[in-house]
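Input: a single structure, listed below in structure tokens.
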Amino acid sequence: MTVRVRFAPSPTGFLHIGGARTALYNYLFAKHTNGKFILRIEDTDELRSTDESVLAILYGIQWLGLGWDEGPTIDANGSIGTKGEFGPYFQMQRTKIYDEYVQKLLDEGKAYKCFCSTEELAAKREQAQKEHKAPKYDNKCRNLSTEQIKNFENQGIKPVIRFKNDGIGETIFKDIIKGEIRFDNSLLDDFVIVKSSGVPVYNFAVVIDDALMEISHVVRGDDHISNTPRQIMLYKAFGFKIPKFAHIPMILGSDGSRLSKRHGATSVLAYREMGFLPDALVNYLALLGWSTQDSQQIFSHEELVQKFDLYKCSSSAAIFDDKKLLWLNGEYIRAKSLDEFTEIAISWLEDAKLVSKNLTDVDKENLKKIIALEQEKVKYLTDIPGLFDFMLKDEIEYNSEDVEKVLIKNKEISNKILKEMLENIRNLEVFTAEKLEELFRSYAEKNSIKTGQIFHPVRVATSGRTKGPSLFHYLEVLGKEKVVKRLENTLKIYY
RNA sequence: GCCUCCAUAGACUAGUGGUUAGGUCACCGCCCUUUCACGGCGGCAGCGGGGGUUCGAAUCCCCCUGGAGGUACCA
């Protein structure tokens, strides 16, 4: 049996962390088994579905690098196409298909029209709650005569269509992750399968689509567990083959409640904005609910595909921990080759207007030397401008605290040292890290002072702060001219 | 209220009847070091509670507690 799985988001918002992980697990399971990963847009919520959401979701999955085999496609201009033979992959384009199947149920007496008003239903529900009873539809319209139906229709009342649930026995299924789950059918009512607008409801459309698209495994969030018995009833009513189910646990916020805006960013694309590498996010998400016995933490995309095992997923909800994500992000940044990282860094420097667009290869080679000094320090890509600006700007910004601590305190000493070092540097013919280090150390020895007493003031005088790359290396990259100028400037301003 | 799922350190997890309960992040300490990082070494910290079953339970069963999800003409 070839595996066919799908990710079926409803376009009522951006792609969030939970959805991303569901998509990822589907993707990994498909790739691992050499199966197909299908993307289907469940846009039957006429009120909340938007085109922007469709785009945001598509971009989000694309950014994560989860290519899908069938479903909507999107090109550089943002126009939407489609690929795969089982489409269309937008449910609202499939209404004719659903109509057919609804009619079948109606003809076979397995479904019926219900004319009860939402107000009436709401009132009954409230009443049931008051009496501590399960709010269940009372089957009022189950046995309407054709005359009664005609009567309602003549009044212009649009019915919903309900599935007739016999309420006998149990619905049992074996979930790949949760094990056996059973529901008492008598607790379920005659649920709505088509809204009065004529659009099918989620529980109906998924079943038709999953069956027609030959989905072999339904991998989705465990918030869908309670929908599953209804869906199984429909599979049975149509005589469709029932797919395997894998309900993956939810991702929770730091306080253990459902992940929401309260917990900060939940949108995948927001993580891009925050400076995360997609591979780091993917790696983190993979680990949130799945692990290998040897406790491996870092996986390449290929390794993930190779090692991911749907059957070894955790069955309990996991709290999203951005500390660990951040650690992984650092790991991925450090693992980049200098060339790769330079490309990434340049785009962030461009956005921050620290370098111009259309850099020449020579510019890039020079930048590479600068970037090499700080790559290991980057945790968020958004750190990049702040880490490099002192190397790139003509005018440095002085951090007042650092200036106070290193230059102003012991002013006479630092003044003398800076003046003398300025002279020494002016006289230095070969301006390399090695020569600079020699110079600094011999100066310290001659004057019998600690090396730190020179290093620190020079660092602040040439960079404006105490934190930064290895002193001699960045001085070399900066070049003699700039170093001299900065020292002169500092002496002018603070002494 | 009712239904369903879940329960190992602060977080993610390994573990399927006998382990000094293992790993990772975070945190703390030490080392490396001109700063910041990186890296290395070490440490703190856990089986929610109560009953069973068993010679023996983190592991199997029951109850409780706690958490999550559902209970829609939303998905």
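We label chains A, B, ... in the order they appear in the structure tokens, count residues from 1 in each chain, and number ligands from 1 in the order shown.
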Counting only C-alpha atoms (C1' of nucleotides), give me one row per residue of chain B with an atom at most 12 Å from an atom of chain A, showing the shortest contact pair and its distance in Å to one decimal, sorted by chain then residue number, as JSON lines.
```
{"residue": "B:G1", "atom": "C1'", "partner": "A:His132", "partner_atom": "CA", "distance": 4.7}
{"residue": "B:C2", "atom": "C1'", "partner": "A:Ala134", "partner_atom": "CA", "distance": 5.4}
{"residue": "B:C3", "atom": "C1'", "partner": "A:Leu187", "partner_atom": "CA", "distance": 7.6}
{"residue": "B:U4", "atom": "C1'", "partner": "A:Ser226", "partner_atom": "CA", "distance": 6.4}
{"residue": "B:C5", "atom": "C1'", "partner": "A:Asp222", "partner_atom": "CA", "distance": 7.8}
{"residue": "B:C6", "atom": "C1'", "partner": "A:Ser316", "partner_atom": "CA", "distance": 5.1}
{"residue": "B:A7", "atom": "C1'", "partner": "A:Ser316", "partner_atom": "CA", "distance": 7.8}
{"residue": "B:G10", "atom": "C1'", "partner": "A:Ser254", "partner_atom": "CA", "distance": 10.4}
{"residue": "B:A11", "atom": "C1'", "partner": "A:Asp321", "partner_atom": "CA", "distance": 6.1}
{"residue": "B:C12", "atom": "C1'", "partner": "A:Leu288", "partner_atom": "CA", "distance": 6.2}
{"residue": "B:U13", "atom": "C1'", "partner": "A:Ser291", "partner_atom": "CA", "distance": 6.9}
{"residue": "B:A14", "atom": "C1'", "partner": "A:Gln293", "partner_atom": "CA", "distance": 5.8}
{"residue": "B:G15", "atom": "C1'", "partner": "A:Gln293", "partner_atom": "CA", "distance": 9.2}
{"residue": "B:G22", "atom": "C1'", "partner": "A:Ser295", "partner_atom": "CA", "distance": 9.2}
{"residue": "B:G23", "atom": "C1'", "partner": "A:Ser295", "partner_atom": "CA", "distance": 5.3}
{"residue": "B:U24", "atom": "C1'", "partner": "A:Gln297", "partner_atom": "CA", "distance": 6.6}
{"residue": "B:C25", "atom": "C1'", "partner": "A:Lys324", "partner_atom": "CA", "distance": 4.8}
{"residue": "B:A26", "atom": "C1'", "partner": "A:Lys323", "partner_atom": "CA", "distance": 7.0}
{"residue": "B:C27", "atom": "C1'", "partner": "A:Lys323", "partner_atom": "CA", "distance": 11.8}
{"residue": "B:U33", "atom": "C1'", "partner": "A:Ser470", "partner_atom": "CA", "distance": 10.2}
{"residue": "B:U34", "atom": "C1'", "partner": "A:Phe455", "partner_atom": "CA", "distance": 5.4}
{"residue": "B:U35", "atom": "C1'", "partner": "A:Lys467", "partner_atom": "CA", "distance": 5.2}
{"residue": "B:C36", "atom": "C1'", "partner": "A:Lys467", "partner_atom": "CA", "distance": 4.5}
{"residue": "B:A37", "atom": "C1'", "partner": "A:Lys377", "partner_atom": "CA", "distance": 5.2}
{"residue": "B:C38", "atom": "C1'", "partner": "A:Glu376", "partner_atom": "CA", "distance": 6.3}
{"residue": "B:G39", "atom": "C1'", "partner": "A:Glu376", "partner_atom": "CA", "distance": 11.0}
{"residue": "B:G66", "atom": "C1'", "partner": "A:Gly256", "partner_atom": "CA", "distance": 11.7}
{"residue": "B:G67", "atom": "C1'", "partner": "A:Gly256", "partner_atom": "CA", "distance": 7.5}
{"residue": "B:A68", "atom": "C1'", "partner": "A:Ala317", "partner_atom": "CA", "distance": 7.4}
{"residue": "B:G69", "atom": "C1'", "partner": "A:Asp223", "partner_atom": "CA", "distance": 5.1}
{"residue": "B:G70", "atom": "C1'", "partner": "A:Ser226", "partner_atom": "CA", "distance": 5.7}
{"residue": "B:U71", "atom": "C1'", "partner": "A:Pro135", "partner_atom": "CA", "distance": 7.5}
{"residue": "B:A72", "atom": "C1'", "partner": "A:Val192", "partner_atom": "CA", "distance": 9.5}
{"residue": "B:C73", "atom": "C1'", "partner": "A:Lys195", "partner_atom": "CA", "distance": 4.3}
{"residue": "B:C74", "atom": "C1'", "partner": "A:Asp45", "partner_atom": "CA", "distance": 6.7}
{"residue": "B:A75", "atom": "C1'", "partner": "A:Tyr202", "partner_atom": "CA", "distance": 6.1}
```
Excluding region 47-54 of chain B and residues on its chain fewer than 4 positions from it, collect all residues at most 9 Å away from it, counting only C-alpha atoms (C1' of nucleotides), and give them as JSON, numbers by chain. {"B": [7, 8, 17, 21, 58, 60, 61, 62, 63, 64, 65, 66]}
One decimal, in Å: what's the spacing between CA of Val5 (chain A) and CA of Gly19 (chain A)? 14.6 Å
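The residue that comes closest to Lys379 (chain A), out of A:Phe276, A:Phe29, A:Phe238, A:Phe90 and on the basis of only C-alpha atoms, is A:Phe276.
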Return as a ChimeraX atom specification the full set of residues in region 114-277 of chain A whose backbone-based DSSP assignment is strand (DSSP E or B). /A:114,160-163,170-175,179-184,192-194,200,217-221,244-248,251-252,258,267
Please write the residues from the selection above to a file, keeping C-alpha atoms, as a compact mmCIF listing (two decimals), in the first residue's frame.
```txt
# COMPACT_ATOMS: atom_id res chain seq x y z
CA CYS A 114 -33.78 19.63 9.38
CA VAL A 160 -29.50 21.85 7.17
CA ILE A 161 -28.89 18.20 6.44
CA ARG A 162 -28.27 15.85 9.31
CA PHE A 163 -26.76 12.43 9.35
CA GLU A 170 -19.58 1.81 20.01
CA THR A 171 -17.22 3.31 17.49
CA ILE A 172 -13.77 1.92 18.10
CA PHE A 173 -10.58 2.73 16.28
CA LYS A 174 -6.96 2.03 16.86
CA ASP A 175 -4.99 5.22 16.74
CA GLY A 179 -3.88 3.33 20.85
CA GLU A 180 -7.45 2.09 21.05
CA ILE A 181 -10.06 4.79 21.44
CA ARG A 182 -13.74 4.08 21.87
CA PHE A 183 -16.86 6.18 21.86
CA ASP A 184 -20.35 5.26 22.85
CA VAL A 192 -25.15 18.35 10.71
CA ILE A 193 -23.35 17.48 7.50
CA VAL A 194 -24.54 20.34 5.30
CA PRO A 200 -20.89 20.92 3.73
CA HIS A 217 -3.21 7.80 6.97
CA VAL A 218 -4.93 10.74 8.56
CA VAL A 219 -2.26 12.49 10.61
CA ARG A 220 -3.68 15.49 12.46
CA GLY A 221 -3.85 17.21 15.82
CA LYS A 244 -5.52 4.77 9.65
CA PHE A 245 -5.56 7.59 12.15
CA ALA A 246 -2.63 9.18 13.94
CA HIS A 247 -3.62 11.94 16.35
CA ILE A 248 -0.59 13.90 17.37
CA ILE A 251 1.64 22.04 21.40
CA LEU A 252 1.04 24.17 24.47
CA ARG A 258 -3.25 26.18 24.50
CA SER A 267 2.96 32.27 13.39
```
